[in-house]
Each structure stands twice: as structure tokens, then as C-alpha cells.
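The block underneath contains the structure these notes are about, expressed in C-alpha cells.
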Amino acid sequence: MTHLFNRKGSDERPSRADFFKWTSLITVFLLVMAGCDSSTDSGYDDNDNDDPPTELGPNDVGMVGTSFTPADLTVEVGTTVTWVNQSGMVHTVTSGTDGEHDGVFNSGDVNPGGEYSYTFNETGTYPYFCIPHVQENMTGVIEVVESGEGDEEDGDGDDGNGNGY
Ligand SMILES: [Cu+2]
């Protein structure tokens with residue numbers, strides 16, 4: 001009986017095989033989990049990519065801890081911006097500055113995991129804040145620009161062609 005435990009050769013092999021068995025099992029398990037996560041997550045409807053739920057679209061703003069991420073976002077007019085609460089706290093998305101609501105939009109309470117969307121149909125600069133965390137500087141700005149803006153085209157007196165020299 002004791003011979004079995006004293007022979008190094010026979011002791012090493014099964015444990016190594018065990019190790020590989022476990023690592024491959026764990027790998028398969030993680031792959032399956034990753035697959036399930038991205039396809040059954042509630043975010044399935046807004047993209048087909050298998051990115052994790054923490055990754056936001058270009059017009060999404062995360063609420064992470066007591067911050068809006070990104071805090072500054074530029075979108076074209078007509079864009080719907082969605083705020084996603086990725087924290088464990090209740091937040092709001094409230095337009096205005098210095099804690100004063102300017103009446104443009106106000107999400108009310110957005111619970112952890114919840115979302116709020118607002119469509120910006122006019123160009124302009126829209127500062128906003130979180131009511132519970134305004135004193136922790138939980139603020140952000142949405143910059144709404146004309147569609148197509150961003151390339152240098154002006155059309156307006158920029159290229160004084162008629163003026164000759
Ligand atoms: Cu907040």
C-alpha cells in the first residue's frame with residue numbers, strides 16, 4: 001500500500017493530467033459563460049457585437065461610481081443618448097448647472113442597472129448633473145452639433161475665392 005505513495009513517477013503523472021484536465025475544463029467553462037453573457041444579456045437588442053455589458057455604444061454614457069463616463073459627449077442633432085447606470089447607486093440625469101434644473105430633461109431616479117434616454121433635436125450645449133451627487137461633481141455635458149459637422153467645411157466666407165489677390 002505505502003508503495004503507491006512513495007513512487008514519485010506514478011505520483012506525478014496523474015496530478016499533471018489532473019491539472020490539464022482542470023484547466024481545460026475551466027477554459028471551456030469560461031468560454032461558455034462569456035458566450036452566454038453576451039447573447040442573453042439585455043443589451044442584445046442594441047448591438048450584435050459580443051462586447052461585455054460594461055462596454056457602451058458611442059452615444060451611451062455610463063454612470064460609474066459617482067461619475068458620468070464620458071463626462072463630455074458630442075453628438076449630432078437628432079441623436080438619442082442613453083445613460084446606463086453601471087453603479088450600485090441611484091442616480092439622476094438632470095439638465096442644468098450648479099444643481100439647478102433648467103427644465104430641458106430630467107430622468108428622475110435611475111436605479112442600478114437602469115437606463116435613461118433623451119433625444120437631442122436641437123443643437124446646443126446641454127450641461128447636466130446628478131441630483132444626489134451634484135456635490136461630488138457628478139456632472140456632464142452633451143454637445144449637440146449639426147449633422148455632418150466635424151469636417152472642416154464651412155461654406156461661409158472661409159475660402160474668399162472671389163477676391164482674387
Ligand atoms: Cu449620482
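Convention: chains lettered A, B, ... in C-alpha cells order; per-chain residue numbering from 1; ligands numbered from 1 as shown.
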**Request:** Enumerate, as a VMD selection string, the complete set of residues in region 77-154 of chain A that a backbone-based DSSP assignment places in strand (DSSP E).
**Result:** chain A and resid 79 to 85 94 to 97 100 to 106 115 to 120 124 to 129 139 to 145
Could you save those same residues with N, CA and C atoms as a compact mmCIF listing (two decimals), in the first residue's frame?
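again.txt was written with the following content:
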# COMPACT_ATOMS: atom_id res chain seq x y z
N THR A 79 -29.79 62.77 -32.28
CA THR A 79 -29.25 61.58 -31.64
C THR A 79 -29.93 61.32 -30.30
N THR A 80 -30.20 60.06 -30.05
CA THR A 80 -30.68 59.65 -28.74
C THR A 80 -29.50 59.19 -27.89
N VAL A 81 -29.34 59.86 -26.79
CA VAL A 81 -28.27 59.49 -25.86
C VAL A 81 -28.89 58.64 -24.74
N THR A 82 -28.22 57.55 -24.42
CA THR A 82 -28.70 56.69 -23.36
C THR A 82 -27.69 56.64 -22.21
N TRP A 83 -28.17 56.95 -21.03
CA TRP A 83 -27.34 56.84 -19.83
C TRP A 83 -27.61 55.48 -19.20
N VAL A 84 -26.56 54.78 -18.86
CA VAL A 84 -26.68 53.44 -18.30
C VAL A 84 -26.07 53.44 -16.90
N ASN A 85 -26.88 53.08 -15.94
CA ASN A 85 -26.39 53.07 -14.56
C ASN A 85 -25.63 51.78 -14.28
N THR A 94 -30.08 65.07 -14.93
CA THR A 94 -30.90 66.27 -14.79
C THR A 94 -30.20 67.44 -15.46
N SER A 95 -30.84 68.04 -16.45
CA SER A 95 -30.19 69.13 -17.17
C SER A 95 -30.12 70.37 -16.30
N GLY A 96 -29.03 71.11 -16.48
CA GLY A 96 -28.82 72.33 -15.70
C GLY A 96 -27.41 72.39 -15.19
N THR A 97 -27.13 73.42 -14.44
CA THR A 97 -25.80 73.60 -13.87
C THR A 97 -25.93 73.97 -12.40
N GLU A 100 -28.98 73.35 -10.39
CA GLU A 100 -30.25 73.99 -10.72
C GLU A 100 -30.81 73.43 -12.01
N HIS A 101 -31.94 72.79 -11.88
CA HIS A 101 -32.57 72.14 -13.02
C HIS A 101 -33.11 73.20 -13.98
N ASP A 102 -32.70 73.10 -15.27
CA ASP A 102 -33.14 74.09 -16.25
C ASP A 102 -34.37 73.63 -17.04
N GLY A 103 -34.89 72.46 -16.73
CA GLY A 103 -36.16 72.05 -17.31
C GLY A 103 -36.08 71.36 -18.66
N VAL A 104 -34.88 71.17 -19.21
CA VAL A 104 -34.80 70.53 -20.53
C VAL A 104 -35.08 69.03 -20.41
N PHE A 105 -34.37 68.38 -19.53
CA PHE A 105 -34.66 66.95 -19.31
C PHE A 105 -34.33 66.59 -17.87
N ASN A 106 -35.02 65.57 -17.39
CA ASN A 106 -34.77 65.08 -16.04
C ASN A 106 -35.23 63.63 -15.98
N GLU A 115 -31.68 52.50 -17.12
CA GLU A 115 -31.25 53.37 -18.21
C GLU A 115 -32.18 54.56 -18.34
N TYR A 116 -31.67 55.60 -18.95
CA TYR A 116 -32.49 56.75 -19.30
C TYR A 116 -32.03 57.25 -20.66
N SER A 117 -32.98 57.57 -21.52
CA SER A 117 -32.63 58.05 -22.87
C SER A 117 -33.28 59.39 -23.12
N TYR A 118 -32.57 60.22 -23.87
CA TYR A 118 -33.13 61.51 -24.28
C TYR A 118 -32.64 61.80 -25.69
N THR A 119 -33.56 62.27 -26.53
CA THR A 119 -33.21 62.59 -27.91
C THR A 119 -33.00 64.09 -28.05
N PHE A 120 -31.85 64.46 -28.59
CA PHE A 120 -31.49 65.87 -28.73
C PHE A 120 -31.84 66.35 -30.14
N GLY A 124 -26.82 72.61 -29.56
CA GLY A 124 -26.57 73.40 -28.35
C GLY A 124 -25.69 72.64 -27.38
N THR A 125 -25.47 73.26 -26.27
CA THR A 125 -24.67 72.68 -25.20
C THR A 125 -25.59 72.39 -24.02
N TYR A 126 -25.59 71.15 -23.60
CA TYR A 126 -26.52 70.73 -22.56
C TYR A 126 -25.75 70.20 -21.34
N PRO A 127 -25.51 71.06 -20.38
CA PRO A 127 -24.90 70.58 -19.15
C PRO A 127 -25.95 69.86 -18.30
N TYR A 128 -25.50 68.89 -17.55
CA TYR A 128 -26.43 68.16 -16.70
C TYR A 128 -25.69 67.67 -15.45
N PHE A 129 -26.46 67.20 -14.52
CA PHE A 129 -25.87 66.73 -13.26
C PHE A 129 -26.74 65.63 -12.67
N THR A 139 -21.27 65.47 -12.80
CA THR A 139 -21.83 66.34 -13.84
C THR A 139 -21.32 65.89 -15.20
N GLY A 140 -22.00 66.35 -16.22
CA GLY A 140 -21.58 66.05 -17.59
C GLY A 140 -22.13 67.09 -18.54
N VAL A 141 -21.67 66.99 -19.80
CA VAL A 141 -22.13 67.91 -20.83
C VAL A 141 -22.37 67.13 -22.11
N ILE A 142 -23.53 67.38 -22.73
CA ILE A 142 -23.77 66.85 -24.08
C ILE A 142 -23.70 68.03 -25.05
N GLU A 143 -22.83 67.90 -26.02
CA GLU A 143 -22.68 68.91 -27.06
C GLU A 143 -23.41 68.39 -28.29
N VAL A 144 -24.40 69.14 -28.75
CA VAL A 144 -25.19 68.69 -29.92
C VAL A 144 -24.85 69.58 -31.10
N VAL A 145 -24.32 68.97 -32.16
CA VAL A 145 -23.87 69.71 -33.33
C VAL A 145 -24.70 69.31 -34.55
**Test item: residues no farther than 7 Å from ligand 1, counting only C-alpha atoms and all ligand atoms, as a VMD selection string** = chain A and resid 66 89 to 92 130 to 133 138
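When CA of Glu122 (chain A) is paired with CA of Asp72 (chain A), their separation reads 17.1 Å.
The gap separating CA of Val110 (chain A) from CA of Glu55 (chain A) is 18.6 Å, in Å to one decimal.
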